[in-house]
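Trainee: Have a look at this one.
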Amino acid sequence: MSKRVAVVTGGIGGLGTEICKTLARAGRTVVATDLAAREDRIAEFRRDVEGLDIHFEPGNVGDYEACGALVRKLEAERGSVDILVNAAGITRDTTLRKMERTDWDAVLNINLDGVFNMCRHVVDGMTSRGFGRVVNISSVNGQTGQFGQTNYSAAKAGMHGFTMALAREVARKGVTVNSVSPGYCETAMVMAVPEEVRTKIVDGVPVGRLGKPSEIARTVEFLTHDDAGFITGANIPVNGGLFMSF
Ligand code: CAA
């Protein structure tokens with residue numbers, strides 16, 4: 001069997017890079033996609049993943065037509081997209097009373113529309129081939145809500161609703177759809193939270209520290225395995241115990 005092809009959106013980001021590396025080490029051909037404008041980061045990413053079967057394709061998940069073109073290109077060049085990890089995400093944190101319409105639109109467009117835009121274009125190929133793994137990177141803050149994140153919490157909660165609905169639609173075709181909900185991890189996104197606010201949050205994490213991107217990546221790799229076909233519509237929290245539920 002040829003190597004499974006995985007696409008990771010937000011692939012050069014804090015979690016995305018580690019997800020790409022973990023999937024490649026597990027024997028997948030990986031295509032990271034991210035905004036072409038992040039030139040410095042792209043160069044750093046290429047150095048970071050040297051020697052691994054990881055490639056880069058520019059793309060904007062917020063643009064429906066561009067996602068279609070990207071998926072068609074990858075399927076033509078590589079034969080299939082077997083695994084899709086939707087890890088592209090942004091924040092525009094501010095309380096609702098100060099939130100501009102643009103802060104709302106930007107977060108919903110990348111974090112939630114982006115999941116639709118990519119899934120809409122990969123799902124037919126996956127179902128027709130009888131195999132697919134979709135993992136949506138949601139957030140603990142979609143489960144609990146977070147002060148200053150009405151936009152982000154809404155998008156992240158919406159991602160899991162989408163996950164469950166799509167999981168039902170494709171379950172009989174060998175395609176699983178799951179969410180992973182990270183807690184606060186060692187990423188630039190979390191480090192941008194003011195230090196005093198961040199310290200308070202970490203104090204409330206039972207494990208007593210930030211998560212490592214590799215701890216999220218390990219969970220994603222598990223869900224994308226060929227043998228993980230009976231897990232679908234699930235949300236796997238990886239949050240150091242910050243939010244416990246069943
Ligand atoms: N709960 C209750 N009250 C709070 C609060 C909280 N968590 N945080 C601040 N407040 C209070 C303040 O004490 C202050 O009260 P007073 O007006 O009585 O003094 C008031 O709310 C401040 O309100 P403002 O609208 O002026 O807010 P601000 O401009 O000071 O800051 C903020 C708002 C930028 C959102 C800041 O609180 C913040 O950065 N919070 C962290 C948000 C966060 O956790 N983001 C996660 C980013 S990482 C990520 O998202 C990854 C992931 O998935 C986990």
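Order determines the names: the first chain of the structure tokens is A, the second B, and so forth; residues in each chain are numbered 1 upward, and ligands are numbered 1 upward as they are shown.
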From a backbone DSSP assignment, name each residue in region 72-241 of chain A labelled helix (DSSP H, G or I), as a PyMOL selection string.
Mentor: chain A and resi 72-78+96-98+101-129+140-144+150-173+188-191+195-203+213-224+226-228
Trainee: Can you tell me, as a list in words, which residues in region 63-215 of chain A count as strand (DSSP E or B) by DSSP?
Mentor: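 Checking each residue of region 63-215 of chain A, the strand (DSSP E or B) ones are Ile83, Leu84, Val85, Asn86, Gly132, Arg133, Val134, Val135, Asn136, Ile137, Val175, Thr176, Val177, Asn178, Ser179, Val180, Ser181, Pro182, Cys185 and Gly211 of chain A.
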Trainee: Can you list, as a PyMOL selection string, every protein, DNA or RNA residue that comes within 7 Å of region 85-99 of chain A when you count only C-alpha atoms, leaving out same-chain residues fewer than 3 positions away?
Mentor: chain A and resi 7-10+16+103+107+110-111+115+134-137+147-150+152
Trainee: Only C-alpha atoms, please: the residues just picked out, written as an mmCIF file, in the first residue's frame.
Mentor:
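Once written, result.cif looks like this:
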data_model
loop_
_atom_site.group_PDB
_atom_site.id
_atom_site.type_symbol
_atom_site.label_atom_id
_atom_site.label_comp_id
_atom_site.auth_asym_id
_atom_site.auth_seq_id
_atom_site.Cartn_x
_atom_site.Cartn_y
_atom_site.Cartn_z
ATOM 1 C CA VAL A 7 -2.683 17.558 4.910
ATOM 2 C CA VAL A 8 -2.233 19.794 7.934
ATOM 3 C CA THR A 9 -3.722 23.288 7.784
ATOM 4 C CA GLY A 10 -1.946 25.869 9.890
ATOM 5 C CA GLY A 16 0.791 22.390 13.236
ATOM 6 C CA ASP A 103 -12.538 40.551 15.091
ATOM 7 C CA VAL A 107 -11.889 34.304 13.816
ATOM 8 C CA ILE A 110 -10.373 30.970 9.697
ATOM 9 C CA ASN A 111 -11.339 28.768 12.645
ATOM 10 C CA VAL A 115 -12.973 23.568 8.502
ATOM 11 C CA VAL A 134 -10.347 14.059 9.712
ATOM 12 C CA VAL A 135 -9.130 15.646 12.931
ATOM 13 C CA ASN A 136 -10.307 19.108 13.898
ATOM 14 C CA ILE A 137 -8.192 20.984 16.413
ATOM 15 C CA PHE A 147 -13.257 35.540 29.129
ATOM 16 C CA GLY A 148 -12.331 37.697 26.119
ATOM 17 C CA GLN A 149 -12.997 34.953 23.580
ATOM 18 C CA THR A 150 -16.643 35.036 22.525
ATOM 19 C CA TYR A 152 -12.916 31.978 19.493
#
Trainee: In Å, how far is it from CA of Thr176 (chain A) to CA of Gly229 (chain A)?
Mentor: 6.4 Å
Trainee: Between A:Leu74, A:Ile12, A:Ala165, A:Leu210, which one has atoms that come closest to Arg38 (chain A), using only C-alpha atoms?
Mentor: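 Of A:Leu74, A:Ile12, A:Ala165, A:Leu210, the one nearest Arg38 (chain A) is A:Ile12, counting only C-alpha atoms.
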Trainee: Excluding Val170 (chain A) and its own-chain neighbours fewer than 3 positions away, which residues fall within 12 Å of it when counting only C-alpha atoms? Please give them as a VMD selection string.
Mentor: chain A and resid 119 122 to 134 163 to 167 173 to 178 229 232 to 233
Trainee: If you keep N, CA and C atoms, can you produce a file of those selected residues as a PDB file, in the first residue's frame?
Mentor:
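Generated output (selection-v8.pdb):
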ATOM      1  N   CYS A 119     -12.951  20.471   4.473  1.00  0.00           N
ATOM      2  CA  CYS A 119     -13.683  19.190   4.512  1.00  0.00           C
ATOM      3  C   CYS A 119     -14.556  19.028   3.271  1.00  0.00           C
ATOM      4  N   VAL A 122     -12.377  17.634   0.543  1.00  0.00           N
ATOM      5  CA  VAL A 122     -11.683  16.333   0.653  1.00  0.00           C
ATOM      6  C   VAL A 122     -12.650  15.166   0.831  1.00  0.00           C
ATOM      7  N   VAL A 123     -13.870  15.457   1.267  1.00  0.00           N
ATOM      8  CA  VAL A 123     -14.711  14.370   1.756  1.00  0.00           C
ATOM      9  C   VAL A 123     -15.153  13.405   0.646  1.00  0.00           C
ATOM     10  N   ASP A 124     -15.427  13.905  -0.556  1.00  0.00           N
ATOM     11  CA  ASP A 124     -15.858  13.005  -1.636  1.00  0.00           C
ATOM     12  C   ASP A 124     -14.766  12.003  -1.985  1.00  0.00           C
ATOM     13  N   GLY A 125     -13.530  12.485  -2.058  1.00  0.00           N
ATOM     14  CA  GLY A 125     -12.407  11.589  -2.368  1.00  0.00           C
ATOM     15  C   GLY A 125     -12.260  10.525  -1.289  1.00  0.00           C
ATOM     16  N   MET A 126     -12.361  10.937  -0.036  1.00  0.00           N
ATOM     17  CA  MET A 126     -12.216   9.979   1.074  1.00  0.00           C
ATOM     18  C   MET A 126     -13.306   8.920   1.031  1.00  0.00           C
ATOM     19  N   THR A 127     -14.552   9.345   0.860  1.00  0.00           N
ATOM     20  CA  THR A 127     -15.647   8.363   0.883  1.00  0.00           C
ATOM     21  C   THR A 127     -15.574   7.446  -0.339  1.00  0.00           C
ATOM     22  N   SER A 128     -15.175   7.994  -1.483  1.00  0.00           N
ATOM     23  CA  SER A 128     -15.127   7.119  -2.670  1.00  0.00           C
ATOM     24  C   SER A 128     -13.993   6.107  -2.557  1.00  0.00           C
ATOM     25  N   ARG A 129     -12.908   6.471  -1.862  1.00  0.00           N
ATOM     26  CA  ARG A 129     -11.803   5.510  -1.684  1.00  0.00           C
ATOM     27  C   ARG A 129     -12.035   4.597  -0.485  1.00  0.00           C
ATOM     28  N   GLY A 130     -13.023   4.941   0.347  1.00  0.00           N
ATOM     29  CA  GLY A 130     -13.353   4.091   1.496  1.00  0.00           C
ATOM     30  C   GLY A 130     -12.413   4.238   2.674  1.00  0.00           C
ATOM     31  N   PHE A 131     -11.670   5.336   2.692  1.00  0.00           N
ATOM     32  CA  PHE A 131     -10.796   5.595   3.851  1.00  0.00           C
ATOM     33  C   PHE A 131     -10.582   7.092   4.012  1.00  0.00           C
ATOM     34  N   GLY A 132     -10.682   7.553   5.248  1.00  0.00           N
ATOM     35  CA  GLY A 132     -10.344   8.943   5.549  1.00  0.00           C
ATOM     36  C   GLY A 132     -10.275   9.165   7.044  1.00  0.00           C
ATOM     37  N   ARG A 133      -9.441  10.109   7.427  1.00  0.00           N
ATOM     38  CA  ARG A 133      -9.322  10.507   8.829  1.00  0.00           C
ATOM     39  C   ARG A 133      -9.322  12.039   8.867  1.00  0.00           C
ATOM     40  N   VAL A 134     -10.310  12.604   9.542  1.00  0.00           N
ATOM     41  CA  VAL A 134     -10.347  14.059   9.712  1.00  0.00           C
ATOM     42  C   VAL A 134     -10.211  14.349  11.195  1.00  0.00           C
ATOM     43  N   THR A 163     -17.988  18.444  13.637  1.00  0.00           N
ATOM     44  CA  THR A 163     -17.327  17.131  13.723  1.00  0.00           C
ATOM     45  C   THR A 163     -18.356  16.018  13.896  1.00  0.00           C
ATOM     46  N   MET A 164     -19.268  16.214  14.839  1.00  0.00           N
ATOM     47  CA  MET A 164     -20.243  15.154  15.136  1.00  0.00           C
ATOM     48  C   MET A 164     -21.190  14.932  13.955  1.00  0.00           C
ATOM     49  N   ALA A 165     -21.619  16.035  13.327  1.00  0.00           N
ATOM     50  CA  ALA A 165     -22.557  15.899  12.201  1.00  0.00           C
ATOM     51  C   ALA A 165     -21.894  15.202  11.019  1.00  0.00           C
ATOM     52  N   LEU A 166     -20.679  15.638  10.672  1.00  0.00           N
ATOM     53  CA  LEU A 166     -20.002  15.017   9.523  1.00  0.00           C
ATOM     54  C   LEU A 166     -19.641  13.559   9.831  1.00  0.00           C
ATOM     55  N   ALA A 167     -19.280  13.293  11.082  1.00  0.00           N
ATOM     56  CA  ALA A 167     -18.932  11.915  11.468  1.00  0.00           C
ATOM     57  C   ALA A 167     -20.084  10.968  11.124  1.00  0.00           C
ATOM     58  N   LYS A 173     -18.519   4.860   5.377  1.00  0.00           N
ATOM     59  CA  LYS A 173     -17.627   4.890   4.204  1.00  0.00           C
ATOM     60  C   LYS A 173     -16.156   4.824   4.605  1.00  0.00           C
ATOM     61  N   GLY A 174     -15.884   4.408   5.831  1.00  0.00           N
ATOM     62  CA  GLY A 174     -14.490   4.254   6.258  1.00  0.00           C
ATOM     63  C   GLY A 174     -13.817   5.557   6.666  1.00  0.00           C
ATOM     64  N   VAL A 175     -14.631   6.589   6.868  1.00  0.00           N
ATOM     65  CA  VAL A 175     -14.056   7.901   7.211  1.00  0.00           C
ATOM     66  C   VAL A 175     -14.445   8.255   8.648  1.00  0.00           C
ATOM     67  N   THR A 176     -13.459   8.599   9.456  1.00  0.00           N
ATOM     68  CA  THR A 176     -13.756   9.057  10.816  1.00  0.00           C
ATOM     69  C   THR A 176     -13.490  10.558  10.916  1.00  0.00           C
ATOM     70  N   VAL A 177     -14.255  11.194  11.794  1.00  0.00           N
ATOM     71  CA  VAL A 177     -14.116  12.637  12.000  1.00  0.00           C
ATOM     72  C   VAL A 177     -14.133  12.875  13.510  1.00  0.00           C
ATOM     73  N   ASN A 178     -13.060  13.421  14.016  1.00  0.00           N
ATOM     74  CA  ASN A 178     -12.942  13.647  15.462  1.00  0.00           C
ATOM     75  C   ASN A 178     -12.376  15.028  15.752  1.00  0.00           C
ATOM     76  N   GLY A 229     -10.413   3.128  13.383  1.00  0.00           N
ATOM     77  CA  GLY A 229     -11.667   3.284  12.645  1.00  0.00           C
ATOM     78  C   GLY A 229     -12.950   3.221  13.459  1.00  0.00           C
ATOM     79  N   THR A 232     -15.162   7.722  16.295  1.00  0.00           N
ATOM     80  CA  THR A 232     -15.626   8.807  15.417  1.00  0.00           C
ATOM     81  C   THR A 232     -16.646   9.674  16.141  1.00  0.00           C
ATOM     82  N   GLY A 233     -16.658  10.947  15.784  1.00  0.00           N
ATOM     83  CA  GLY A 233     -17.558  11.909  16.433  1.00  0.00           C
ATOM     84  C   GLY A 233     -17.135  12.228  17.854  1.00  0.00           C
TER      85      GLY A 233
END
Trainee: I want to know what sits within 7 Å of Gly241 (chain A), based on only C-alpha atoms, with residues of the same chain fewer than 4 positions away left out; could you give that as a list in words?
Mentor: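 That gives Val205, Pro206 and Val207 of chain A.
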Trainee: Excluding Asn141 (chain A) and any residue of its chain fewer than 6 positions from it, enumerate the residues within 9 Å of it, using only C-alpha atoms, and give them as a list of chain:residue names.
Mentor: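 My reading of the contact set: A:Gln149, A:Tyr152, A:Ser153, A:Ala154, A:Lys156, A:Ala157, A:Ser181, A:Pro182, A:Gly183.
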Trainee: The selected residues should be written to file as an mmCIF file, in the first residue's frame (atoms: N, CA, C and O atoms).
Mentor:
data_model
loop_
_atom_site.group_PDB
_atom_site.id
_atom_site.type_symbol
_atom_site.label_atom_id
_atom_site.label_comp_id
_atom_site.auth_asym_id
_atom_site.auth_seq_id
_atom_site.Cartn_x
_atom_site.Cartn_y
_atom_site.Cartn_z
ATOM 1 N N GLN A 149 -13.057 35.803 24.777
ATOM 2 C CA GLN A 149 -12.997 34.953 23.580
ATOM 3 C C GLN A 149 -14.380 34.530 23.091
ATOM 4 O O GLN A 149 -14.594 33.368 22.744
ATOM 5 N N TYR A 152 -13.711 33.222 19.541
ATOM 6 C CA TYR A 152 -12.916 31.978 19.493
ATOM 7 C C TYR A 152 -13.691 30.813 20.121
ATOM 8 O O TYR A 152 -13.730 29.711 19.573
ATOM 9 N N SER A 153 -14.314 31.058 21.263
ATOM 10 C CA SER A 153 -15.063 29.983 21.931
ATOM 11 C C SER A 153 -16.228 29.518 21.067
ATOM 12 O O SER A 153 -16.511 28.307 20.984
ATOM 13 N N ALA A 154 -16.900 30.467 20.400
ATOM 14 C CA ALA A 154 -18.014 30.098 19.513
ATOM 15 C C ALA A 154 -17.507 29.257 18.346
ATOM 16 O O ALA A 154 -18.095 28.226 17.995
ATOM 17 N N LYS A 156 -14.754 27.456 18.162
ATOM 18 C CA LYS A 156 -14.213 26.156 18.592
ATOM 19 C C LYS A 156 -15.331 25.198 19.016
ATOM 20 O O LYS A 156 -15.241 23.990 18.776
ATOM 21 N N ALA A 157 -16.374 25.732 19.648
ATOM 22 C CA ALA A 157 -17.532 24.886 19.974
ATOM 23 C C ALA A 157 -18.220 24.460 18.679
ATOM 24 O O ALA A 157 -18.639 23.302 18.529
ATOM 25 N N SER A 181 -9.259 18.660 21.624
ATOM 26 C CA SER A 181 -9.392 19.964 22.282
ATOM 27 C C SER A 181 -8.209 20.227 23.206
ATOM 28 O O SER A 181 -8.213 19.812 24.376
ATOM 29 N N PRO A 182 -7.189 20.887 22.684
ATOM 30 C CA PRO A 182 -6.028 21.191 23.522
ATOM 31 C C PRO A 182 -6.372 22.210 24.606
ATOM 32 O O PRO A 182 -7.245 23.069 24.427
ATOM 33 N N GLY A 183 -5.649 22.103 25.692
ATOM 34 C CA GLY A 183 -5.655 23.169 26.691
ATOM 35 C C GLY A 183 -4.567 24.159 26.334
ATOM 36 O O GLY A 183 -4.194 24.301 25.169
#
Trainee: Just how far from CA of Val180 (chain A) is CA of Lys3 (chain A), in Å to one decimal?
Mentor: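 Computing it gives 23.7 Å between the two atoms.
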Trainee: Select, from A:Ser179, A:Ser2, A:Ser214, A:Thr187, the residue with the minimum atom-to-atom distance to ligand 1, counting only C-alpha atoms and all ligand atoms.
Mentor: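 Closest to ligand 1 of all the choices is A:Thr187.
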Trainee: Counting only C-alpha atoms and all ligand atoms, which of A:Leu15, A:Leu23, A:Val30, A:Ile231 gets nearest to ligand 1?
Mentor: A:Leu15
Trainee: So how many Å separate CA of Asp203 (chain A) and CA of Phe246 (chain A), to one decimal?
Mentor: 22.9 Å
Trainee: Excluding Asn109 (chain A) and any residue of its chain fewer than 5 positions from it, enumerate the residues within 9 Å of it, using only C-alpha atoms, and give them as a PDB file with C-alpha atoms, in the first residue's frame.
Mentor:
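Written file, part.pdb:
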ATOM      1  CA  VAL A  61      -8.328  28.084   4.567  1.00  0.00           C
ATOM      2  CA  GLY A  62     -10.643  31.089   4.724  1.00  0.00           C
ATOM      3  CA  ASP A  63     -11.012  31.060   0.938  1.00  0.00           C
ATOM      4  CA  TRP A 104     -15.582  38.299  14.959  1.00  0.00           C
ATOM      5  CA  GLY A 114     -11.895  26.975   7.224  1.00  0.00           C
ATOM      6  CA  ALA A 155     -15.862  28.933  16.598  1.00  0.00           C
TER       7      ALA A 155
END
Trainee: Smallest atom-to-atom distance to ligand 1: which of A:Asp227, A:Glu195, A:Asp113, A:Glu100, using only C-alpha atoms and all ligand atoms?
Mentor: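 Among A:Asp227, A:Glu195, A:Asp113, A:Glu100, it is A:Glu195 that comes nearest to ligand 1.
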